[in-house]
Amino acid sequence: MTTAPPATSISPTTGQLWARARGPLLALALILLTGIVLAALQSGSRHDALDPRSAAPAGTRAVAELLKERGVPTRVVTTLAEATTTAGPDTTLLVTSPNLLTAAQQRRLHQATSPSGGRTVLIAPSSTALSALAPGVRVAPQPAPVEALAPRCTLPAATAAGPADLGGHLYSPTASLPGSGRPDACYPVDGRASLLRLNTPADGDTVLLGAPDFLLNESLAQQGNASLALQLLGSRPRLTWYLPSLDDPSATGGRPASDDTTGGFLSQVPPGWIWGTAQLALAALLAALWRARRLGPLVTERLPVAIRASETTEGRARLYRRANARDRAASALRSATRTRLSSLLGVPTAHSHTATTLLPAVSARLPHSDRDLASLLFGPAPSHDTGLIRLADELDALEREVRAS
């Protein structure tokens with residue numbers, strides 16, 4: 001049966017252990033509390049921008065409720081299969097993020113909606129998305145600011161609504177535009193339309209919107225935004241609101257066809273988190289440089305009070321223990337013992353730390369000793385605190401034997 005080693009003067013007390021651990025424990029508790037609070041705040045029904053279920057300023061619940069009052073129900077879908085299944089002459093399909101779709105998804109969507117005879121509304125499609133969803137349309141290289149613009153076209157929905165908050169991406173048809181009928185280019189900026197309606201087969205059409213601002217809850221009551229939204233989205237008996245998702249099985253093996261495909265994971269991280277992480281990294285670097293600054297030379301100072309040798313010894317022992325410097329402590333103990341033994345045995349001080357000189361002198365003084373003198377005076381450092389205490393005891397016993405002999 002083994003017993004625990006006795007406590008020594010360098011054994012940490014409960015208060016010292018708490019002082020060492022309270023900082024990390026408080027930091028961990030703060031992180032856990034923050035996570036719980038954030039989870040509680042976001043545990044409710046949270047929806048993204050342009051979601052017809054969201055009552056947030058960037059949501060679109062208001063326009064969905066107005067359409068419902070006029071007998072046009074809104075169905076929210078998140079997969080391409082659901083979106084293409086609902087395509088038909090009596091349905092308006094609104095695609096909130098066409099740039100998030102892969103090239104294969106965009107082709108499938110165009111093949112399903114083009115001959116359906118219904119209306120397809122695309123919000124801010126890029127040039128890559130247009131090549132699949134609206135061939136024959138070009139987008140301006142620079143978007144325009146969103147502001148109240150006049151219709152300046154003959155589209156009935158636009159002329160009835162009047163000025164509306166549009167802008168963003170600007171579109172212009174090319175000479176190779178397929179289909180029959182002249183497109184309606186509305187709310188132009190510098191000759192390019194921020195709302196472009198294209199005719200499709202079977203009396204259907206495709207509407208390109210440069211910006212979705214006039215659909216949002218916060219701006220629906222301004223200008224002619226509500227009128228334009230109701231007429232564009234309520235022209236058919238049913239409305240399908242397609243919110244593309246990265247979890248869509250049809251997106252497996254593909255990649256978003258947006259013009260900006262270099263962002264990767266970082267493009268999905270909110271900018272505030274990136275800036276916050278960068279600032280924390282800079283602060284950590286500055287703190288490391290501050291702590292690693294070079295100190296000047298040591299300056300001797302007369303102490304205002306006398307300090308007992310025992311207190312100095314305990315203080316240094318505590319420093320060694322805090323740094324787990326058992327090798328330094330063992331070396332100091334052995335060096336001091338060898339120095340004292342050399343004076344007792346008549347060994348020159350210059351050879352007191354040489355094993356070939358000191359060990360024969362000790363063996364000659366203690367011929368019947370069963371101690372392993374080489375390991376005791378010149379051996380390796382102990383691997384644990386108990387071994388260090390045992391080493392100190394054995395060195396002290398050896399020195400007493402030499403003095404008594």
# chains A, B, ... in the order shown; residues from 1 in each chain; ligands from 1
$ residues_around --residues "Asp396 (chain A)" --least-positions-apart "5" --cutoff "12 Å" --atoms "only C-alpha atoms" --output "compact mmCIF listing (two decimals) with N, CA and C atoms, in the first residue's frame"
# COMPACT_ATOMS: atom_id res chain seq x y z
N LEU A 333 21.22 21.74 -6.43
CA LEU A 333 21.47 20.94 -5.23
C LEU A 333 22.78 20.16 -5.34
N ARG A 334 23.02 19.51 -6.47
CA ARG A 334 24.23 18.71 -6.64
C ARG A 334 25.48 19.60 -6.66
N ALA A 336 25.95 22.55 -5.23
CA ALA A 336 26.26 23.02 -3.88
C ALA A 336 26.84 21.90 -3.02
N THR A 337 26.32 20.68 -3.15
CA THR A 337 26.83 19.55 -2.37
C THR A 337 28.26 19.22 -2.78
N ARG A 338 28.54 19.19 -4.10
CA ARG A 338 29.89 18.89 -4.56
C ARG A 338 30.89 19.94 -4.06
N ARG A 340 30.69 21.75 -1.28
CA ARG A 340 30.96 21.55 0.15
C ARG A 340 31.77 20.29 0.40
N LEU A 341 31.51 19.22 -0.37
CA LEU A 341 32.26 17.99 -0.20
C LEU A 341 33.73 18.17 -0.56
N LEU A 376 24.25 9.68 -7.77
CA LEU A 376 23.78 10.66 -6.80
C LEU A 376 24.36 12.04 -7.07
N LEU A 377 25.65 12.13 -7.38
CA LEU A 377 26.31 13.42 -7.53
C LEU A 377 26.33 13.94 -8.97
N ILE A 389 12.73 15.54 -4.15
CA ILE A 389 12.81 15.58 -2.68
C ILE A 389 13.71 14.46 -2.17
N ARG A 390 13.59 13.26 -2.75
CA ARG A 390 14.43 12.14 -2.33
C ARG A 390 15.90 12.46 -2.62
N LEU A 391 16.19 13.09 -3.76
CA LEU A 391 17.56 13.45 -4.09
C LEU A 391 18.14 14.42 -3.06
N GLU A 401 27.38 12.12 6.43
CA GLU A 401 28.29 10.97 6.60
C GLU A 401 29.74 11.38 6.38
N VAL A 402 29.98 12.22 5.39
CA VAL A 402 31.35 12.66 5.13
C VAL A 402 31.85 13.50 6.30
N ARG A 403 31.01 14.36 6.83
CA ARG A 403 31.44 15.19 7.97
C ARG A 403 31.71 14.32 9.21
$ residues_around --residues "Pro237 (chain A)" --least-positions-apart "4" --cutoff "7 Å" --atoms "only C-alpha atoms" --output "list in words"
Val72, Asp90 and Thr91 of chain A
$ closest_atom_pairs --of "region 159-209 of chain A" --to "region 117-138 of chain A" --cutoff "8 Å" --atoms "only C-alpha atoms" --output "tab-separated table"
residue	atom	partner	partner_atom	distance
A:Gly168	CA	A:Ala124	CA	7.5
A:His169	CA	A:Ala124	CA	6.1
A:Tyr171	CA	A:Arg138	CA	5.6
A:Ser172	CA	A:Arg138	CA	5.4
A:Pro173	CA	A:Val137	CA	4.5
A:Thr174	CA	A:Gly136	CA	5.4
A:Ala175	CA	A:Gly136	CA	7.4
A:Ser176	CA	A:Gly136	CA	5.5
A:Leu177	CA	A:Gly136	CA	4.2
A:Pro178	CA	A:Gly136	CA	6.7
A:Thr200	CA	A:Gly117	CA	7.3
A:Pro201	CA	A:Gly117	CA	6.4
A:Ala202	CA	A:Gly117	CA	4.6
A:Asp203	CA	A:Gly117	CA	5.3
A:Gly204	CA	A:Gly117	CA	3.9
A:Asp205	CA	A:Arg119	CA	5.0
A:Thr206	CA	A:Thr120	CA	4.7
A:Val207	CA	A:Val121	CA	4.7
A:Leu208	CA	A:Leu122	CA	5.0
A:Leu209	CA	A:Ile123	CA	4.9
$ residues_around --residues "region 63-67 of chain A" --least-positions-apart "4" --cutoff "9 Å" --atoms "only C-alpha atoms" --output "MDAnalysis selection string"
chainID A and resid 52:53 71:74 215:217 220 226 229:230 233:234 239
$ write_last_selection --atoms "C-alpha atoms" --output "compact mmCIF listing (two decimals), in the first residue's frame"
# COMPACT_ATOMS: atom_id res chain seq x y z
CA PRO A 52 -41.24 35.83 -47.31
CA ARG A 53 -41.48 34.41 -43.78
CA GLY A 71 -55.76 35.59 -53.48
CA VAL A 72 -52.22 34.78 -54.58
CA PRO A 73 -50.71 32.22 -52.17
CA THR A 74 -46.94 32.06 -51.74
CA LEU A 215 -39.55 44.11 -52.31
CA LEU A 216 -38.18 44.52 -48.79
CA ASN A 217 -40.34 45.21 -45.76
CA LEU A 220 -42.32 48.50 -49.53
CA ALA A 226 -45.72 48.04 -53.37
CA ALA A 229 -44.13 44.24 -56.46
CA LEU A 230 -47.79 43.22 -56.45
CA LEU A 233 -45.46 38.83 -58.54
CA GLY A 234 -49.25 38.69 -58.64
CA LEU A 239 -46.37 32.37 -56.58
$ select_by_dssp --residues "region 200-403 of chain A" --states "strand (DSSP E or B)" --output "list of chain:residue names"
A:Thr200, A:Gly204, A:Asp205, A:Thr206, A:Val207, A:Leu208, A:Leu209, A:Arg238, A:Leu239, A:Thr240, A:Trp241, A:Tyr242, A:Pro256
$ closest_residue --among "A:His384, A:Arg182, A:Arg20, A:Arg291" --to "Asn324 (chain A)" --atoms "only C-alpha atoms"
A:His384
$ atom_distance --atom1 "CA of Ser331 (chain A)" --atom2 "CA of Ala374 (chain A)"
13.8 Å
$ residues_around --residues "region 14-16 of chain A" --least-positions-apart "5" --cutoff "12 Å" --atoms "only C-alpha atoms" --output "PDB file with N, CA and C atoms, in the first residue's frame"
ATOM      1  N   ALA A  21      -5.843  28.905 -11.593  1.00  0.00           N
ATOM      2  CA  ALA A  21      -6.866  28.362 -12.493  1.00  0.00           C
ATOM      3  C   ALA A  21      -8.039  29.297 -12.726  1.00  0.00           C
ATOM      4  N   ARG A  22      -8.190  30.337 -11.916  1.00  0.00           N
ATOM      5  CA  ARG A  22      -9.404  31.144 -12.049  1.00  0.00           C
ATOM      6  C   ARG A  22      -9.462  31.909 -13.356  1.00  0.00           C
ATOM      7  N   ARG A 318       9.832  27.965  -5.008  1.00  0.00           N
ATOM      8  CA  ARG A 318       8.490  28.143  -5.593  1.00  0.00           C
ATOM      9  C   ARG A 318       8.587  28.527  -7.070  1.00  0.00           C
ATOM     10  N   ARG A 322       6.981  26.385 -10.045  1.00  0.00           N
ATOM     11  CA  ARG A 322       6.015  26.953 -10.986  1.00  0.00           C
ATOM     12  C   ARG A 322       6.450  26.713 -12.432  1.00  0.00           C
TER      13      ARG A 322
END
$ select_by_dssp --residues "region 87-146 of chain A" --states "alpha helix (DSSP H)" --output "JSON list (two decimals) with C-alpha atoms, in the first residue's frame"
[["chain", "number", "residue", "atom", "x", "y", "z"],
["A", 103, "ALA", "CA", -24.25, 25.73, -64.02],
["A", 104, "ALA", "CA", -26.11, 22.40, -64.23],
["A", 105, "GLN", "CA", -28.89, 23.71, -61.98],
["A", 106, "GLN", "CA", -29.23, 26.86, -64.07],
["A", 107, "ARG", "CA", -29.60, 24.82, -67.27],
["A", 108, "ARG", "CA", -32.24, 22.59, -65.67],
["A", 109, "LEU", "CA", -34.13, 25.62, -64.40],
["A", 110, "HIS", "CA", -34.10, 27.28, -67.80],
["A", 111, "GLN", "CA", -35.25, 24.09, -69.54],
["A", 112, "ALA", "CA", -38.19, 23.81, -67.13],
["A", 113, "THR", "CA", -39.33, 27.45, -67.08],
["A", 127, "SER", "CA", -23.33, 37.53, -66.53],
["A", 128, "THR", "CA", -22.55, 33.85, -65.91],
["A", 129, "ALA", "CA", -26.10, 33.15, -64.74],
["A", 130, "LEU", "CA", -27.55, 35.11, -67.67],
["A", 131, "SER", "CA", -25.75, 32.91, -70.20],
["A", 132, "ALA", "CA", -27.87, 29.97, -68.99],
["A", 133, "LEU", "CA", -31.08, 31.62, -67.71]]
$ closest_residue --among "A:Ser335, A:Ser194, A:Glu218, A:Leu25" --to "Ala55 (chain A)" --atoms "only C-alpha atoms"
A:Glu218
$ closest_residue --among "A:Ala283, A:Asp213, A:Ala221, A:Leu149" --to "Val189 (chain A)" --atoms "only C-alpha atoms"
A:Leu149
$ atom_distance --atom1 "CA of Leu345 (chain A)" --atom2 "CA of Val362 (chain A)"
7.3 Å
$ atom_distance --atom1 "CA of Gln223 (chain A)" --atom2 "CA of Ala164 (chain A)"
5.3 Å
$ decode --residues "region 329-341 of chain A" --atoms "C-alpha atoms" --output "PDB file, in the first residue's frame"
ATOM      1  CA  ALA A 329      16.803  22.557  -9.036  1.00  0.00           C
ATOM      2  CA  ALA A 330      18.591  19.205  -9.094  1.00  0.00           C
ATOM      3  CA  SER A 331      21.653  20.792 -10.714  1.00  0.00           C
ATOM      4  CA  ALA A 332      21.756  23.511  -8.051  1.00  0.00           C
ATOM      5  CA  LEU A 333      21.471  20.938  -5.226  1.00  0.00           C
ATOM      6  CA  ARG A 334      24.228  18.711  -6.637  1.00  0.00           C
ATOM      7  CA  SER A 335      26.533  21.637  -7.420  1.00  0.00           C
ATOM      8  CA  ALA A 336      26.264  23.022  -3.882  1.00  0.00           C
ATOM      9  CA  THR A 337      26.834  19.549  -2.367  1.00  0.00           C
ATOM     10  CA  ARG A 338      29.888  18.888  -4.555  1.00  0.00           C
ATOM     11  CA  THR A 339      31.364  22.270  -3.574  1.00  0.00           C
ATOM     12  CA  ARG A 340      30.955  21.552   0.148  1.00  0.00           C
ATOM     13  CA  LEU A 341      32.259  17.986  -0.201  1.00  0.00           C
TER      14      LEU A 341
END
